[in-house]
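Engineer: My file is target-v1.csv. It has CSV, C-alpha atoms:
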```
chain,number,residue,atom,x,y,z
Z,1,MET,CA,87.7,101.1,142.1
Z,2,TYR,CA,88.1,101.8,138.3
Z,3,LEU,CA,89.2,99.0,136.0
Z,4,ALA,CA,90.4,99.3,132.4
Z,5,PRO,CA,88.9,100.4,130.2
Z,6,ASP,CA,85.8,101.9,131.9
Z,7,GLU,CA,84.4,99.4,134.4
Z,8,SER,CA,84.0,100.5,138.1
Z,9,ARG,CA,83.2,98.6,141.3
Z,10,ILE,CA,82.2,99.7,144.7
Z,11,ALA,CA,83.1,97.7,147.8
Z,12,ARG,CA,81.6,98.7,151.2
Z,13,ALA,CA,83.1,98.1,154.6
Z,14,GLY,CA,84.2,94.5,154.9
Z,15,GLU,CA,83.6,93.5,151.3
Z,16,LEU,CA,86.2,92.1,149.0
Z,17,ILE,CA,87.2,92.7,145.3
Z,18,ILE,CA,89.2,90.1,143.4
Z,19,LEU,CA,91.3,91.4,140.5
Z,20,PRO,CA,92.8,88.9,138.0
Z,21,ALA,CA,96.6,89.3,137.6
Z,22,GLY,CA,97.6,92.0,135.3
Z,23,VAL,CA,94.4,94.1,135.4
Z,24,ARG,CA,95.0,97.8,135.5
Z,25,HIS,CA,93.0,99.6,138.1
Z,26,LYS,CA,92.8,102.7,140.3
Z,27,VAL,CA,91.3,102.9,143.8
Z,28,ASP,CA,89.4,105.9,145.1
Z,29,VAL,CA,88.9,106.4,148.8
Z,30,THR,CA,85.4,107.7,149.7
Z,31,ALA,CA,85.4,107.4,153.5
Z,32,PRO,CA,87.1,110.0,155.7
Z,33,ARG,CA,89.3,107.2,157.2
Z,34,GLU,CA,89.8,103.8,155.6
Z,35,LEU,CA,91.7,100.6,156.4
Z,36,ARG,CA,92.5,98.4,153.5
Z,37,ARG,CA,94.1,95.0,153.4
Z,38,TRP,CA,95.3,93.2,150.3
Z,39,ALA,CA,97.3,90.3,149.1
Z,40,HIS,CA,98.8,89.2,145.8
Z,41,ILE,CA,98.2,85.5,145.3
Z,42,ASN,CA,98.5,83.3,142.2
Z,43,TYR,CA,96.9,79.8,142.0
Z,44,PHE,CA,97.9,77.4,139.3
Z,45,ILE,CA,96.7,74.0,138.1
Z,46,LEU,CA,98.2,71.7,135.6
Z,47,GLY,CA,101.6,73.3,136.3
Z,48,ARG,CA,101.1,76.8,135.0
Z,49,LEU,CA,97.5,77.4,134.2
Z,50,GLU,CA,95.9,80.2,136.3
Z,51,LEU,CA,93.0,78.9,138.3
Z,52,PHE,CA,91.1,82.1,138.4
Z,53,SER,CA,90.9,82.2,134.6
Z,54,LEU,CA,88.6,79.1,134.9
Z,55,LEU,CA,86.3,80.6,137.6
Z,56,THR,CA,83.4,82.9,137.6
Z,57,ILE,CA,84.4,85.9,139.7
Z,58,PRO,CA,81.6,88.0,141.2
Z,59,PRO,CA,82.1,91.8,141.1
Z,60,VAL,CA,82.2,92.0,144.9
Z,61,ILE,CA,82.6,89.2,147.5
Z,62,PRO,CA,80.2,89.5,150.5
Z,63,LYS,CA,81.2,91.0,153.8
Z,64,ARG,CA,81.3,87.7,155.8
Z,65,CYS,CA,83.9,86.3,153.4
Z,66,GLY,CA,85.8,89.6,152.9
Z,67,GLU,CA,86.3,90.1,156.6
Z,68,ALA,CA,87.5,86.4,157.0
Z,69,VAL,CA,90.0,87.0,154.2
Z,70,GLY,CA,91.2,90.2,155.8
Z,71,ASP,CA,91.7,88.5,159.1
Z,72,ALA,CA,93.7,85.7,157.3
Z,73,ILE,CA,95.9,88.4,155.6
Z,74,GLN,CA,96.5,90.1,159.0
Z,75,ALA,CA,97.3,86.7,160.7
Z,76,TRP,CA,99.8,85.8,157.9
Z,77,LEU,CA,101.6,89.1,158.2
Z,78,ALA,CA,101.8,88.8,161.9
Z,79,SER,CA,103.2,85.3,161.6
Z,80,MET,CA,105.9,86.6,159.2
Z,81,SER,CA,107.6,88.5,162.0
Z,82,HIS,CA,108.2,85.3,163.9
Z,83,LEU,CA,109.9,83.4,161.1
Z,84,ASN,CA,113.6,83.1,161.2
Z,85,HIS,CA,114.1,83.2,157.4
Z,86,ASN,CA,113.8,79.4,157.3
Z,87,PRO,CA,112.9,78.8,153.6
Z,88,VAL,CA,111.1,75.5,154.4
Z,89,GLU,CA,108.9,77.0,157.1
Z,90,LEU,CA,108.3,80.2,155.0
Z,91,ASN,CA,107.1,78.1,152.0
Z,92,ALA,CA,104.9,75.9,154.3
Z,93,ARG,CA,103.3,79.0,155.9
Z,94,ARG,CA,102.9,80.7,152.5
Z,95,ASN,CA,101.1,77.6,151.1
Z,96,GLU,CA,99.0,77.3,154.3
Z,97,PHE,CA,97.9,80.9,153.9
Z,98,GLY,CA,97.2,80.5,150.2
Z,99,PHE,CA,95.0,77.4,150.6
Z,100,LYS,CA,93.1,79.0,153.5
Z,101,VAL,CA,92.2,82.0,151.4
Z,102,LEU,CA,91.2,79.7,148.5
Z,103,GLY,CA,89.0,77.8,150.8
Z,104,LEU,CA,87.2,81.0,151.8
Z,105,LEU,CA,86.7,82.1,148.2
Z,106,ALA,CA,85.8,78.8,146.7
Z,107,PRO,CA,82.0,78.9,147.6
Z,108,PHE,CA,81.7,82.3,145.8
Z,109,CYS,CA,83.7,81.5,142.7
Z,110,PRO,CA,82.3,78.5,140.8
Z,111,LEU,CA,83.9,77.0,137.7
Z,112,LYS,CA,82.8,78.5,134.5
Z,113,ALA,CA,80.3,76.5,132.4
Z,114,GLY,CA,82.0,73.7,130.5
Z,115,MET,CA,85.4,74.2,132.2
Z,116,LEU,CA,85.7,70.6,133.4
Z,117,ALA,CA,85.7,69.4,129.8
Z,118,ILE,CA,88.2,72.2,128.8
Z,119,ILE,CA,90.5,71.3,131.7
Z,120,SER,CA,90.8,67.8,130.3
Z,121,GLN,CA,91.7,69.3,126.9
Z,122,VAL,CA,94.2,71.6,128.5
Z,123,ARG,CA,96.3,68.7,129.5
Z,124,ARG,CA,97.3,68.4,125.9
Z,125,ILE,CA,98.9,71.8,125.9
Z,126,GLN,CA,100.5,71.5,129.4
Z,127,PRO,CA,103.9,70.8,127.8
Z,128,VAL,CA,103.5,74.0,125.8
Z,129,ILE,CA,102.8,76.1,128.9
Z,130,GLU,CA,105.8,74.6,130.6
Z,131,TYR,CA,108.0,75.4,127.6
Z,132,ILE,CA,106.8,79.0,127.5
Z,133,HIS,CA,107.7,79.5,131.2
Z,134,GLN,CA,111.1,77.9,130.7
Z,135,HIS,CA,112.1,79.9,127.6
Z,136,TYR,CA,111.1,83.5,128.4
Z,137,HIS,CA,114.5,84.7,127.1
Z,138,GLN,CA,114.3,83.0,123.7
Z,139,PRO,CA,112.3,83.7,120.6
Z,140,ILE,CA,108.9,81.8,120.7
Z,141,LYS,CA,106.8,81.2,117.6
Z,142,ARG,CA,103.3,79.9,117.5
Z,143,ASP,CA,104.2,77.2,114.9
Z,144,ASP,CA,106.9,75.9,117.2
Z,145,LEU,CA,104.4,75.7,120.1
Z,146,ALA,CA,102.0,73.8,117.9
Z,147,ARG,CA,104.7,71.2,117.1
Z,148,ILE,CA,105.3,70.7,120.8
Z,149,ALA,CA,101.6,70.0,121.2
Z,150,CYS,CA,101.7,67.7,118.2
Z,151,LEU,CA,98.8,69.6,116.6
Z,152,SER,CA,98.3,71.6,113.5
Z,153,THR,CA,98.7,75.4,113.9
Z,154,ALA,CA,94.9,75.9,113.6
Z,155,GLN,CA,94.0,73.1,116.0
Z,156,PHE,CA,96.5,74.3,118.5
Z,157,HIS,CA,95.4,77.9,118.3
Z,158,CYS,CA,91.8,76.9,118.9
Z,159,LEU,CA,92.5,74.5,121.8
Z,160,PHE,CA,94.9,76.9,123.5
Z,161,LYS,CA,92.4,79.8,123.4
Z,162,GLN,CA,89.6,77.6,124.7
Z,163,GLY,CA,91.8,76.5,127.6
Z,164,THR,CA,93.4,79.8,128.6
Z,165,GLY,CA,91.2,82.5,127.2
Z,166,LEU,CA,94.2,83.9,125.3
Z,167,THR,CA,95.8,83.3,122.0
Z,168,PRO,CA,99.2,81.5,122.2
Z,169,MET,CA,101.2,84.7,121.5
Z,170,ASP,CA,99.0,86.8,123.9
Z,171,PHE,CA,99.7,84.2,126.6
Z,172,VAL,CA,103.5,84.4,125.8
Z,173,ARG,CA,103.4,88.2,126.1
Z,174,GLN,CA,101.4,88.1,129.3
Z,175,ALA,CA,103.8,85.5,130.8
Z,176,ARG,CA,106.8,87.6,129.9
Z,177,MET,CA,105.3,90.7,131.4
Z,178,ARG,CA,104.5,89.0,134.7
Z,179,HIS,CA,108.1,87.6,134.8
Z,180,ALA,CA,109.3,91.1,134.2
Z,181,GLN,CA,107.2,92.4,137.1
Z,182,LYS,CA,108.7,89.8,139.3
Z,183,LEU,CA,112.2,90.7,138.3
Z,184,LEU,CA,111.6,94.4,138.8
Z,185,ILE,CA,110.3,93.7,142.3
Z,186,THR,CA,112.8,91.1,143.5
Z,187,THR,CA,116.0,92.2,141.8
Z,188,GLY,CA,118.0,95.3,141.1
Z,189,ASP,CA,118.7,94.4,137.5
Z,190,PRO,CA,118.5,97.3,135.1
Z,191,ALA,CA,115.7,97.4,132.6
Z,192,LYS,CA,117.9,96.4,129.7
Z,193,SER,CA,118.9,93.2,131.5
Z,194,ILE,CA,115.3,92.4,132.4
Z,195,ALA,CA,114.3,93.0,128.8
Z,196,GLY,CA,116.8,90.3,127.7
Z,197,GLN,CA,115.6,87.9,130.3
Z,198,CYS,CA,112.1,88.3,129.0
Z,199,GLY,CA,112.9,87.7,125.3
Z,200,TYR,CA,113.2,91.4,124.2
Z,201,ALA,CA,116.4,92.3,122.4
Z,202,ASP,CA,115.1,95.9,122.1
Z,203,GLU,CA,114.8,97.7,125.4
Z,204,PHE,CA,112.5,100.3,123.9
Z,205,LEU,CA,110.1,97.7,122.6
Z,206,PHE,CA,110.2,96.0,126.0
Z,207,SER,CA,109.4,99.3,127.8
Z,208,LYS,CA,106.6,100.1,125.4
Z,209,THR,CA,105.0,96.7,125.7
Z,210,PHE,CA,105.4,96.7,129.5
Z,211,LYS,CA,103.7,100.2,129.8
Z,212,ARG,CA,100.8,99.1,127.5
Z,213,CYS,CA,100.2,95.9,129.6
Z,214,CYS,CA,100.9,97.3,133.1
Z,215,GLY,CA,100.1,101.0,132.9
Z,216,PHE,CA,103.6,102.0,134.0
Z,217,SER,CA,107.1,102.1,132.5
Z,218,PRO,CA,109.4,99.5,134.1
Z,219,ARG,CA,111.1,102.3,136.1
Z,220,GLN,CA,107.8,103.7,137.3
Z,221,TYR,CA,106.6,100.3,138.2
Z,222,ARG,CA,109.6,99.5,140.3
Z,223,SER,CA,109.4,102.9,142.0
Z,224,SER,CA,105.7,102.6,142.7
Z,225,VAL,CA,106.2,99.2,144.4
Z,226,HIS,CA,109.0,100.6,146.6
Z,227,GLU,CA,106.9,103.6,147.6
Z,228,LEU,CA,104.0,101.3,148.5
Z,229,ARG,CA,106.3,99.1,150.6
Z,230,ALA,CA,107.6,102.2,152.4
Z,231,GLU,CA,104.0,103.4,153.0
Z,232,GLN,CA,103.1,100.0,154.3
Z,233,LEU,CA,106.2,99.9,156.6
Z,234,PHE,CA,105.1,103.1,158.3
Z,235,SER,CA,101.4,102.5,158.4
Z,236,SER,CA,99.7,101.9,161.8
Z,237,SER,CA,99.1,98.2,161.1
Z,238,PRO,CA,101.5,95.8,159.1
Z,239,GLY,CA,100.0,94.9,155.8
Z,240,SER,CA,97.4,97.6,155.9
Z,241,LEU,CA,97.0,101.1,154.5
Z,242,ARG,CA,95.2,103.7,156.4
Z,243,LYS,CA,94.0,106.7,154.4
Z,244,ALA,CA,93.2,110.0,156.2
```
Go ahead and render the structure in this file as structure tokens.
Structural biologist:
Amino acid sequence: MYLAPDESRIARAGELIILPAGVRHKVDVTAPRELRRWAHINYFILGRLELFSLLTIPPVIPKRCGEAVGDAIQAWLASMSHLNHNPVELNARRNEFGFKVLGLLAPFCPLKAGMLAIISQVRRIQPVIEYIHQHYHQPIKRDDLARIACLSTAQFHCLFKQGTGLTPMDFVRQARMRHAQKLLITTGDPAKSIAGQCGYADEFLFSKTFKRCCGFSPRQYRSSVHELRAEQLFSSSPGSLRKA
């Protein structure tokens, strides 16, 4: 697997690679035949702060854990076929699956040094993070976010970067791009409409920013997801890809 800009990782049979959300990557298949299982999962604490940004993620998770996570993914996909589109049951099963995977990964992904102290500081910017996620479509300025946190601009910038690993405006941009990805996958809205819902009045600027962050144009991203779903649908095992 190749990660931007030039990092590579090798996972052997049964091992697992964890990719933080938004990381561009390419997978090369080296075995004559290969079965891969994957899942897209987000974990948040304090409302909107990504849990994995606070953890030390090893390059490769050992086989005993990787196989257990693969089995959990397969069991989750199998259970989906028995659900009757009941939203309560669906959310309960989704949460059950998410916490099971987190429990398997937890022993291999300890908190980064000093994170407990930073988490307590992050509580001060939690209203800011909520505000960002509720106002994708509106102009957002760093000074306005600092006022919400009741801090000077310099104090806010420093505290925010300590807690999230990103500057406030980089966090805003990343949040908007992830929202755009969700809309491209779950709706048929045109790119111009999605741009507006993510705070971009200029569709060209939105597409340029999306491609820089995600590696695809919005149209290419939507098309690639649809193609992947079609390949998954016709693979020999639901939720798995078999490469010949």
Engineer: Which residues are close to Z:Trp76, i.e. within 9 Å by all atoms listed in the file, leaving aside same-chain residues fewer than 5 positions away? Reply as a ChimeraX atom specification.
Structural biologist: /Z:71,93-94,97
Engineer: For a cutoff of 12 Å around the file-coordinate point (98.9, 86.6, 146.8), which residues qualify once you count all atoms listed in the file? I'd like the result as a PyMOL selection string.
Structural biologist: chain Z and resi 18-21+37-44+69+72-73+76-77+94-102
Engineer: Z:Thr186, Z:Gln121, Z:Gln162, Z:Gln181: which is nearest Z:Lys211, counting all atoms listed in the file?
Structural biologist: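 Checking each candidate against Z:Lys211, we get Z:Gln181 as the closest.
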Engineer: Take atom CA of Z:Ser79 and atom CA of Z:Gly66 and report the distance between them in Å, one decimal.
Structural biologist: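 Answer for the atom CA of Z:Ser79 to atom CA of Z:Gly66 separation: 19.9 Å.
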Engineer: Using all atoms listed in the file, which protein or nucleic acid residues come within 12 Å of Z:Ser193? Drop anything in the same chain fewer than 4 positions from it, and give the result as JSON, numbers by chain.
Structural biologist: {"Z": [137, 180, 183, 184, 187, 188, 189, 197, 198, 199, 200, 201, 202, 203, 206, 207, 218]}
Engineer: How far is it from atom CA of Z:Phe210 to atom CA of Z:Met169, in Å with one decimal?
Structural biologist: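 Distance between the two atoms: 15.0 Å.
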Engineer: I'd like the interatomic distance between atom CA of Z:Glu15 and atom CA of Z:Ala75, to a tenth of an Å.
Structural biologist: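 Distance between the two atoms: 18.0 Å.
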Engineer: Find, counting only C-alpha atoms, the residue in Z:Ile132, Z:Ile125, Z:Ile17, Z:Ile57 that gets nearest to Z:Ala146.
Structural biologist: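 Result for the nearest residue to Z:Ala146: Z:Ile125.
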Engineer: Would you kindly return, as a list in words, each protein, DNA or RNA residue with an atom no farther than 10 Å from any atom of Z:Gly14, considering all atoms listed in the file and excluding same-chain residues fewer than 4 positions away?
Structural biologist: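 Counting only the stated atoms, we get Leu35, Arg36, Ile61, Pro62, Lys63, Arg64, Cys65, Gly66, Glu67, Ala68, Val69 and Gly70 of chain Z.
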Engineer: Neighbouring residues of Z:Ser224 were defined as those with any atom within 12 Å, considering only C-alpha atoms; residues of the same chain fewer than 6 positions away were excluded. Please report them as a VMD selection string.
Structural biologist: chain Z and resid 181 184 to 185 214 to 218 230 to 231
Engineer: Counting only C-alpha atoms, which residue out of Z:Lys112, Z:Leu205, Z:Arg173, Z:Arg9 sits closest to Z:Lys141?
Structural biologist: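 Distance minimum relative to Z:Lys141 lands on Z:Arg173.
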